[in-house]
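Taking it in order: structure first as structure tokens, then the write-up.
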Amino acid sequence: MLDADKNQHKIRVTGIDAPEKKQAFGQRSKESMPDLVFDKDVEVVTSKSDRYGRLIGKVMVADPSCRARACPKTLDAGQAQLTTGMAWWYRQYAREQSAEDAGAYEFSEQEARARRAGLWCDPEPTAPWD
């Protein structure tokens with residue numbers, strides 16, 4: 001992410017874990033996030049960073065269907081990844097999410113599984129932590 005002063009920040013999207021590049025759907029997952037946020041005004045809701053210096057946060061962006069001049073940032077990019085089956089809900093860190101977000105993320109993953117969307121079309125998807 002580039003801020004208003006063109007300083008680069010690396011972001012670890014909270015609440016999700018995407019497939020590694022060499023895993024099934026790894027490349028598709030990697031490509032789907034920029035589709036949501038590239039060259040768009042985003043808001044990162046964060047309060048911490050990880051041991052690699054990345055900000056850990058919820059990435060909010062305007063819904064792509066909004067055509068107004070100044071659209072509100074109502075689309076949670078991490079949850080969108082779950083909805084399309086491009087990531088797992090990272091249950092191990094659910095305690096770091098609000099109860100509302102954790103519930104929404106869990107539901108989004110369950111819905112993607114039920115629809116066999118993205119990585120869930122694989123009969124036995126391998127989680128990145130396995």
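Here, A, B, ... name the chains of the structure tokens in the order displayed, residue numbers run from 1 inside each chain, and ligands are numbered from 1 in the same displayed order.
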
Residues near Ala77 of chain A, cut-off 12 Å, only C-alpha atoms, skip fewer than 6 positions along chain, as JSON, numbers by chain: {"A": [11, 12, 13, 14, 15, 16, 32, 33, 34, 35, 36, 37, 38, 40, 42, 43, 44, 45, 57, 58, 59, 60, 61, 62, 63, 64, 83, 84, 86, 87, 105]}

Dump N, CA and C atoms for the selected residues as a short mmCIF file (atom, residue, chain, number, x, y, z; two decimals), in the first residue's frame?
data_model
loop_
_atom_site.label_atom_id
_atom_site.label_comp_id
_atom_site.auth_asym_id
_atom_site.auth_seq_id
_atom_site.Cartn_x
_atom_site.Cartn_y
_atom_site.Cartn_z
N ILE A 11 1.07 -4.84 4.22
CA ILE A 11 -0.10 -5.13 5.04
C ILE A 11 -0.31 -6.64 5.12
N ARG A 12 -0.55 -7.14 6.31
CA ARG A 12 -0.97 -8.52 6.53
C ARG A 12 -2.45 -8.42 6.84
N VAL A 13 -3.28 -8.94 5.94
CA VAL A 13 -4.73 -8.82 6.10
C VAL A 13 -5.17 -9.71 7.26
N THR A 14 -5.79 -9.09 8.22
CA THR A 14 -6.21 -9.81 9.42
C THR A 14 -7.34 -10.79 9.12
N GLY A 15 -7.34 -11.89 9.84
CA GLY A 15 -8.46 -12.83 9.80
C GLY A 15 -8.47 -13.83 8.67
N ILE A 16 -7.50 -13.76 7.75
CA ILE A 16 -7.49 -14.72 6.65
C ILE A 16 -6.10 -15.30 6.47
N SER A 32 -6.14 -12.29 -6.96
CA SER A 32 -7.49 -11.76 -6.68
C SER A 32 -7.47 -10.57 -5.74
N MET A 33 -6.53 -10.50 -4.81
CA MET A 33 -6.49 -9.36 -3.89
C MET A 33 -6.20 -8.05 -4.63
N PRO A 34 -5.18 -8.01 -5.49
CA PRO A 34 -4.96 -6.75 -6.23
C PRO A 34 -6.18 -6.33 -7.07
N ASP A 35 -6.94 -7.30 -7.56
CA ASP A 35 -8.15 -6.95 -8.30
C ASP A 35 -9.10 -6.12 -7.44
N LEU A 36 -9.09 -6.38 -6.14
CA LEU A 36 -9.97 -5.65 -5.22
C LEU A 36 -9.42 -4.27 -4.83
N VAL A 37 -8.09 -4.17 -4.70
CA VAL A 37 -7.54 -2.97 -4.08
C VAL A 37 -6.57 -2.15 -4.92
N PHE A 38 -6.05 -2.69 -6.02
CA PHE A 38 -5.03 -1.97 -6.79
C PHE A 38 -5.55 -0.65 -7.32
N LYS A 40 -6.72 1.82 -5.84
CA LYS A 40 -7.94 2.30 -5.19
C LYS A 40 -7.57 2.92 -3.85
N VAL A 42 -7.88 2.99 -0.13
CA VAL A 42 -8.25 2.01 0.89
C VAL A 42 -8.06 2.62 2.27
N GLU A 43 -8.72 2.00 3.22
CA GLU A 43 -8.52 2.35 4.63
C GLU A 43 -8.09 1.07 5.33
N VAL A 44 -6.99 1.14 6.05
CA VAL A 44 -6.52 -0.01 6.81
C VAL A 44 -6.79 0.26 8.28
N VAL A 45 -7.63 -0.57 8.88
CA VAL A 45 -7.95 -0.45 10.29
C VAL A 45 -6.98 -1.38 11.02
N GLY A 57 -4.03 -5.64 9.61
CA GLY A 57 -5.26 -4.88 9.66
C GLY A 57 -6.34 -5.34 8.71
N LYS A 58 -7.47 -4.76 8.92
CA LYS A 58 -8.65 -4.97 8.09
C LYS A 58 -8.59 -3.94 6.97
N VAL A 59 -8.65 -4.41 5.74
CA VAL A 59 -8.52 -3.53 4.57
C VAL A 59 -9.91 -3.25 4.00
N MET A 60 -10.28 -1.98 4.05
CA MET A 60 -11.59 -1.57 3.57
C MET A 60 -11.42 -0.76 2.29
N VAL A 61 -12.30 -1.04 1.33
CA VAL A 61 -12.26 -0.39 0.02
C VAL A 61 -13.70 -0.15 -0.44
N ALA A 62 -13.88 0.78 -1.36
CA ALA A 62 -15.21 1.02 -1.90
C ALA A 62 -15.66 -0.19 -2.72
N ASP A 63 -16.93 -0.50 -2.65
CA ASP A 63 -17.49 -1.59 -3.44
C ASP A 63 -17.30 -1.27 -4.92
N PRO A 64 -16.80 -2.23 -5.72
CA PRO A 64 -16.56 -1.96 -7.14
C PRO A 64 -17.80 -1.52 -7.92
N THR A 83 -15.24 -15.02 0.79
CA THR A 83 -16.49 -15.20 0.05
C THR A 83 -16.26 -15.86 -1.30
N THR A 84 -15.15 -15.52 -1.95
CA THR A 84 -14.86 -16.08 -3.27
C THR A 84 -14.03 -17.36 -3.20
N MET A 86 -10.96 -17.74 -1.92
CA MET A 86 -9.54 -17.49 -2.19
C MET A 86 -8.71 -17.51 -0.92
N ALA A 87 -9.33 -17.79 0.23
CA ALA A 87 -8.60 -17.83 1.50
C ALA A 87 -9.40 -18.60 2.53
N TYR A 105 -16.73 -13.58 9.08
CA TYR A 105 -15.69 -14.31 8.36
C TYR A 105 -15.99 -15.80 8.36
#

Which parts of chain A does DSSP call alpha helix (DSSP H) when run on the backbone here, written out as a ChimeraX atom specification? /A:26-37,77-83,99-115

Next, the residues of the selection above should be written as a PDB file, in the first residue's frame with C-alpha atoms.
ATOM      1  CA  GLY A  26      -2.173 -20.027  -4.581  1.00  0.00           C
ATOM      2  CA  GLN A  27      -1.587 -18.009  -7.730  1.00  0.00           C
ATOM      3  CA  ARG A  28      -5.286 -17.240  -8.237  1.00  0.00           C
ATOM      4  CA  SER A  29      -5.573 -16.081  -4.643  1.00  0.00           C
ATOM      5  CA  LYS A  30      -2.500 -13.884  -5.022  1.00  0.00           C
ATOM      6  CA  GLU A  31      -4.000 -12.272  -8.137  1.00  0.00           C
ATOM      7  CA  SER A  32      -7.485 -11.763  -6.681  1.00  0.00           C
ATOM      8  CA  MET A  33      -6.492  -9.361  -3.890  1.00  0.00           C
ATOM      9  CA  PRO A  34      -4.965  -6.747  -6.227  1.00  0.00           C
ATOM     10  CA  ASP A  35      -8.154  -6.955  -8.303  1.00  0.00           C
ATOM     11  CA  LEU A  36      -9.972  -5.651  -5.219  1.00  0.00           C
ATOM     12  CA  VAL A  37      -7.536  -2.968  -4.077  1.00  0.00           C
ATOM     13  CA  ALA A  77     -11.201  -7.098   1.203  1.00  0.00           C
ATOM     14  CA  GLY A  78     -10.308  -9.973   3.541  1.00  0.00           C
ATOM     15  CA  GLN A  79     -13.909 -11.075   3.832  1.00  0.00           C
ATOM     16  CA  ALA A  80     -14.247 -10.785   0.049  1.00  0.00           C
ATOM     17  CA  GLN A  81     -11.356 -13.252  -0.291  1.00  0.00           C
ATOM     18  CA  LEU A  82     -13.231 -15.682   1.957  1.00  0.00           C
ATOM     19  CA  THR A  83     -16.493 -15.197   0.052  1.00  0.00           C
ATOM     20  CA  ALA A  99     -17.080 -10.903  17.552  1.00  0.00           C
ATOM     21  CA  GLU A 100     -19.003  -9.399  14.635  1.00  0.00           C
ATOM     22  CA  ASP A 101     -16.070  -9.768  12.218  1.00  0.00           C
ATOM     23  CA  ALA A 102     -15.228 -13.288  13.400  1.00  0.00           C
ATOM     24  CA  GLY A 103     -18.832 -14.350  12.868  1.00  0.00           C
ATOM     25  CA  ALA A 104     -18.998 -12.747   9.435  1.00  0.00           C
ATOM     26  CA  TYR A 105     -15.686 -14.310   8.363  1.00  0.00           C
ATOM     27  CA  GLU A 106     -16.726 -17.751   9.587  1.00  0.00           C
ATOM     28  CA  PHE A 107     -20.047 -17.445   7.745  1.00  0.00           C
ATOM     29  CA  SER A 108     -18.326 -16.282   4.537  1.00  0.00           C
ATOM     30  CA  GLU A 109     -15.997 -19.274   4.594  1.00  0.00           C
ATOM     31  CA  GLN A 110     -18.880 -21.681   5.262  1.00  0.00           C
ATOM     32  CA  GLU A 111     -20.861 -20.211   2.368  1.00  0.00           C
ATOM     33  CA  ALA A 112     -17.878 -20.511   0.003  1.00  0.00           C
ATOM     34  CA  ARG A 113     -17.416 -24.137   1.085  1.00  0.00           C
ATOM     35  CA  ALA A 114     -21.092 -24.874   0.477  1.00  0.00           C
ATOM     36  CA  ARG A 115     -20.894 -23.330  -3.022  1.00  0.00           C
TER      37      ARG A 115
END

One decimal, in Å: what's the spacing between atom CA of Arg95 of chain A and atom CA of Lys73 of chain A?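 According to the coordinates, atom CA of Arg95 of chain A and atom CA of Lys73 of chain A are separated by 24.1 Å.
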
Quick one: distance from atom CA of Met1 of chain A to atom CA of Asp17 of chain A in Å, one decimal?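 Value for the atom CA of Met1 of chain A-atom CA of Asp17 of chain A distance: 18.5 Å.
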
Going by DSSP on the backbone, which residues of segment 60-128 of chain A come out as strand (DSSP E)? List them as a list in words. Met60, Val61, Leu75, Asp76, Trp88 and Trp89 of chain A

Counting only C-alpha atoms, the option among A:Ala70, A:Ile56, A:Cys121, A:Ala24 closest to Asp41 of chain A: A:Ala70

Rounded to one decimal in Å, what is the spacing between atom CA of Glu20 of chain A and atom CA of Pro128 of chain A? 5.9 Å

Exercise: Tyr52 of chain A partners within 10 Å, only C-alpha atoms, chain neighbours under 2 positions left out, as a list in words: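 Skipping anything fewer than 2 positions along the chain leaves Lys10, Arg12, Ser49, Asp50, Arg54 and Leu55 of chain A.
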